[in-house]
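Working notes, beginning with the structure itself.
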Amino acid sequence: RPGGAVYSVLSQHLLDALFQPVLGDVLYRRYLALPGLRPGFMLSRVLLAADRHRAPGGWADVDQVVPALRESLRRTWVTLVNRLGPGRADWRWAGLHGLSFRAFDGAEPASASARVHGVGGDASTLANSASVPGGYAVASASTYRLAVALAATDRVLSALVPGQSEHPRHPHFGDGAERWLGGRMNLLLTSRLNVEEESQAPLRLEPPPW
């Protein structure tokens, strides 16, 4: 459905139109980088205030909000057509909201986990995937998911991306990406007997000899 893409692109253009001319580019970028920023909440308050009071002055000045909204709608259509295609069926949020995985050391392994994947969600959804300030690409996401039935704690489901290891040349570096992206979880063994029976290779950490 195109709703998520349209809403996100319109919100970004409207935020730019309302705040950037007043704050200036440097201060506006600092504002976007603030932790806990909720642009959708700010925009809804401004639009509701402009519609309710219809008075001049302030952020909700109706003579400024209406032209900004009209121009933002036009720019939203242009952005979606240029980036996703002319058909509304092509306007998928995942087409703009891309996510990729990297190792801690910055290496880029030649595996499926290194590709850019289109995902849904945002900073306020259960499938958390917050966008970069002022853009659409994924900046952070809930990379570990756990589901536990309290009545049967031995039946635990989990999903971890990109994989069990952060070493780019490890065989399990990126083997969790496809299942995580597809919303499929693995059975997490909790009993010692099952863990030892199903283990493929032990990893032993020992202090150095000196």
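Just remember, in the structure tokens the first chain shown is A, the second B, etc., residues are 1-based per chain, and ligands are 1-based in the order shown.
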
Check which residues of segment 129-184 of chain A sit at most 10 Å from segment 21-39 of chain A using only C-alpha atoms, and return one row each with the closest pair of atoms and their distance in Å to one decimal, ordered by chain and rising number, as JSON lines.
```
{"residue": "A:Val132", "atom": "CA", "partner": "A:Ala33", "partner_atom": "CA", "distance": 8.7}
{"residue": "A:Pro133", "atom": "CA", "partner": "A:Leu32", "partner_atom": "CA", "distance": 5.5}
{"residue": "A:Gly134", "atom": "CA", "partner": "A:Leu32", "partner_atom": "CA", "distance": 6.7}
```

Members of chain A assigned alpha helix (DSSP H) by DSSP, as a PyMOL selection string
chain A and resi 3-23+25-32+39-53+62-84+177-181+192-198

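Here atom CA of Gly163 of chain A and atom CA of Asn194 of chain A stand 20.4 Å from one another.
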
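By chain and then residue number, the residues within 10 Å of segment 82-90 of chain A are Arg1, Pro2, Gly3, Ala5, Val6, Thr76, Trp77, Val78, Gly95 and Leu96 of chain A, counting only C-alpha atoms and disregarding those fewer than 4 positions away in sequence.
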
Which residues, written as an NGL selection string, have at least one atom at most 9 Å from Ala94 of chain A, with only C-alpha atoms counted and residues fewer than 5 positions away on the same chain left out?
:A and (4-5 or 117-121)

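Nearest to Asp175 of chain A of all the residues A:Val161, A:Leu126, A:Arg75, A:Leu205 is A:Val161, counting only C-alpha atoms.
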
What is the distance between atom CA of Leu43 of chain A and atom CA of Thr125 of chain A, in Å to one decimal?
18.3 Å

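Take atom CA of Gln200 of chain A and atom CA of His172 of chain A: the distance between them is 11.3 Å.
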
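Of the residues under consideration (A:Trp59, A:Tyr144, A:Phe19, A:Trp93), A:Trp93 shows the shortest atom-to-atom contact distance to Leu80 of chain A when counting only C-alpha atoms.
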
Find the residues around Gly176 of chain A up to 9 Å (only C-alpha atoms counted), leave out those fewer than 4 positions away in its own chain, and share them as a list in words.
Ser113, Ala159, Leu160, Val161, Pro162, Gly163, Gln164, His172, Trp180 and Leu181 of chain A

List the neighbours of Ala139 of chain A out to 10 Å using only C-alpha atoms; skip same-chain residues closer than 3 positions along the sequence, and give me the result as a JSON list (two decimals) with C-alpha atoms, in the first residue's frame.
```
[["chain", "number", "residue", "atom", "x", "y", "z"],
["A", 97, "HIS", "CA", 13.27, 2.67, 3.66],
["A", 98, "GLY", "CA", 16.44, 0.66, 3.05],
["A", 99, "LEU", "CA", 18.42, -1.30, 5.64],
["A", 100, "SER", "CA", 21.82, -2.98, 5.42],
["A", 123, "ALA", "CA", 10.61, 4.53, 15.07],
["A", 129, "SER", "CA", 13.31, 0.82, 12.15],
["A", 130, "ALA", "CA", 14.03, 4.50, 12.67],
["A", 131, "SER", "CA", 15.06, 6.65, 9.71],
["A", 132, "VAL", "CA", 18.10, 8.86, 9.46],
["A", 133, "PRO", "CA", 17.40, 12.52, 10.34],
["A", 135, "GLY", "CA", 15.97, 11.10, 5.16],
["A", 136, "TYR", "CA", 14.34, 7.71, 4.63]]
```

Run DSSP on the backbone and give me the residues of segment 95-198 of chain A it puts in strand (DSSP E or B), as a PyMOL selection string.
chain A and resi 98-99+117-118+129-131+138-141+144-149+152-160+186-188

For Ser158 of chain A, work out the shell of residues within 12 Å, counting only C-alpha atoms and skipping chain neighbours fewer than 6 positions away, then give it as a PDB file with N, CA, C and O atoms, in the first residue's frame.
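Just written: around.pdb:
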```
ATOM      1  N   THR A 143      17.339  -5.290  16.152  1.00  0.00           N
ATOM      2  CA  THR A 143      18.015  -6.402  15.488  1.00  0.00           C
ATOM      3  C   THR A 143      17.863  -7.726  16.232  1.00  0.00           C
ATOM      4  O   THR A 143      18.260  -8.767  15.712  1.00  0.00           O
ATOM      5  N   TYR A 144      17.328  -7.699  17.431  1.00  0.00           N
ATOM      6  CA  TYR A 144      17.086  -8.945  18.167  1.00  0.00           C
ATOM      7  C   TYR A 144      15.638  -8.972  18.636  1.00  0.00           C
ATOM      8  O   TYR A 144      15.153  -8.016  19.247  1.00  0.00           O
ATOM      9  N   ARG A 145      14.956 -10.064  18.341  1.00  0.00           N
ATOM     10  CA  ARG A 145      13.558 -10.229  18.730  1.00  0.00           C
ATOM     11  C   ARG A 145      13.407 -11.529  19.490  1.00  0.00           C
ATOM     12  O   ARG A 145      13.990 -12.552  19.112  1.00  0.00           O
ATOM     13  N   LEU A 146      12.618 -11.499  20.556  1.00  0.00           N
ATOM     14  CA  LEU A 146      12.444 -12.661  21.425  1.00  0.00           C
ATOM     15  C   LEU A 146      10.969 -12.809  21.780  1.00  0.00           C
ATOM     16  O   LEU A 146      10.311 -11.832  22.152  1.00  0.00           O
ATOM     17  N   ALA A 147      10.458 -14.008  21.624  1.00  0.00           N
ATOM     18  CA  ALA A 147       9.068 -14.316  21.980  1.00  0.00           C
ATOM     19  C   ALA A 147       9.069 -15.473  22.960  1.00  0.00           C
ATOM     20  O   ALA A 147       9.603 -16.548  22.657  1.00  0.00           O
ATOM     21  N   VAL A 148       8.465 -15.262  24.130  1.00  0.00           N
ATOM     22  CA  VAL A 148       8.477 -16.261  25.186  1.00  0.00           C
ATOM     23  C   VAL A 148       7.055 -16.513  25.661  1.00  0.00           C
ATOM     24  O   VAL A 148       6.323 -15.568  25.982  1.00  0.00           O
ATOM     25  N   ALA A 149       6.654 -17.784  25.705  1.00  0.00           N
ATOM     26  CA  ALA A 149       5.387 -18.174  26.318  1.00  0.00           C
ATOM     27  C   ALA A 149       5.668 -18.480  27.784  1.00  0.00           C
ATOM     28  O   ALA A 149       6.378 -19.445  28.096  1.00  0.00           O
ATOM     29  N   GLN A 164      24.828 -15.035  14.254  1.00  0.00           N
ATOM     30  CA  GLN A 164      25.361 -15.302  15.582  1.00  0.00           C
ATOM     31  C   GLN A 164      26.740 -14.701  15.786  1.00  0.00           C
ATOM     32  O   GLN A 164      27.159 -14.494  16.922  1.00  0.00           O
ATOM     33  N   GLY A 176      21.222 -15.115   9.609  1.00  0.00           N
ATOM     34  CA  GLY A 176      19.947 -14.782  10.239  1.00  0.00           C
ATOM     35  C   GLY A 176      19.191 -13.681   9.540  1.00  0.00           C
ATOM     36  O   GLY A 176      18.047 -13.369   9.907  1.00  0.00           O
ATOM     37  N   ARG A 179      15.700 -14.693   7.487  1.00  0.00           N
ATOM     38  CA  ARG A 179      14.594 -15.062   8.372  1.00  0.00           C
ATOM     39  C   ARG A 179      14.074 -13.847   9.129  1.00  0.00           C
ATOM     40  O   ARG A 179      12.877 -13.662   9.298  1.00  0.00           O
ATOM     41  N   TRP A 180      14.979 -12.994   9.590  1.00  0.00           N
ATOM     42  CA  TRP A 180      14.581 -11.797  10.317  1.00  0.00           C
ATOM     43  C   TRP A 180      13.779 -10.859   9.417  1.00  0.00           C
ATOM     44  O   TRP A 180      12.744 -10.322   9.820  1.00  0.00           O
ATOM     45  N   GLY A 183      10.271 -12.043   8.903  1.00  0.00           N
ATOM     46  CA  GLY A 183       9.430 -12.181  10.080  1.00  0.00           C
ATOM     47  C   GLY A 183       9.362 -13.602  10.615  1.00  0.00           C
ATOM     48  O   GLY A 183       8.434 -13.953  11.351  1.00  0.00           O
ATOM     49  N   ARG A 184      10.342 -14.432  10.267  1.00  0.00           N
ATOM     50  CA  ARG A 184      10.374 -15.819  10.731  1.00  0.00           C
ATOM     51  C   ARG A 184      11.413 -15.954  11.844  1.00  0.00           C
ATOM     52  O   ARG A 184      12.505 -15.410  11.743  1.00  0.00           O
ATOM     53  N   MET A 185      11.058 -16.702  12.885  1.00  0.00           N
ATOM     54  CA  MET A 185      11.928 -16.822  14.048  1.00  0.00           C
ATOM     55  C   MET A 185      12.430 -18.252  14.202  1.00  0.00           C
ATOM     56  O   MET A 185      11.822 -19.197  13.689  1.00  0.00           O
ATOM     57  N   ASN A 186      13.522 -18.398  14.908  1.00  0.00           N
ATOM     58  CA  ASN A 186      14.114 -19.699  15.178  1.00  0.00           C
ATOM     59  C   ASN A 186      13.778 -20.159  16.589  1.00  0.00           C
ATOM     60  O   ASN A 186      13.517 -19.337  17.487  1.00  0.00           O
ATOM     61  N   LEU A 187      13.803 -21.466  16.786  1.00  0.00           N
ATOM     62  CA  LEU A 187      13.620 -22.022  18.122  1.00  0.00           C
ATOM     63  C   LEU A 187      14.909 -21.840  18.910  1.00  0.00           C
ATOM     64  O   LEU A 187      15.987 -22.240  18.466  1.00  0.00           O
ATOM     65  N   LEU A 188      14.792 -21.198  20.067  1.00  0.00           N
ATOM     66  CA  LEU A 188      15.945 -20.976  20.933  1.00  0.00           C
ATOM     67  C   LEU A 188      15.945 -22.045  22.024  1.00  0.00           C
ATOM     68  O   LEU A 188      15.050 -22.084  22.868  1.00  0.00           O
ATOM     69  N   LEU A 189      16.928 -22.931  21.995  1.00  0.00           N
ATOM     70  CA  LEU A 189      17.018 -24.004  22.977  1.00  0.00           C
ATOM     71  C   LEU A 189      17.444 -23.447  24.331  1.00  0.00           C
ATOM     72  O   LEU A 189      18.360 -22.624  24.410  1.00  0.00           O
ATOM     73  N   THR A 190      16.780 -23.903  25.375  1.00  0.00           N
ATOM     74  CA  THR A 190      17.078 -23.382  26.713  1.00  0.00           C
ATOM     75  C   THR A 190      17.591 -24.450  27.672  1.00  0.00           C
ATOM     76  O   THR A 190      18.216 -24.109  28.672  1.00  0.00           O
TER      77      THR A 190
END
```
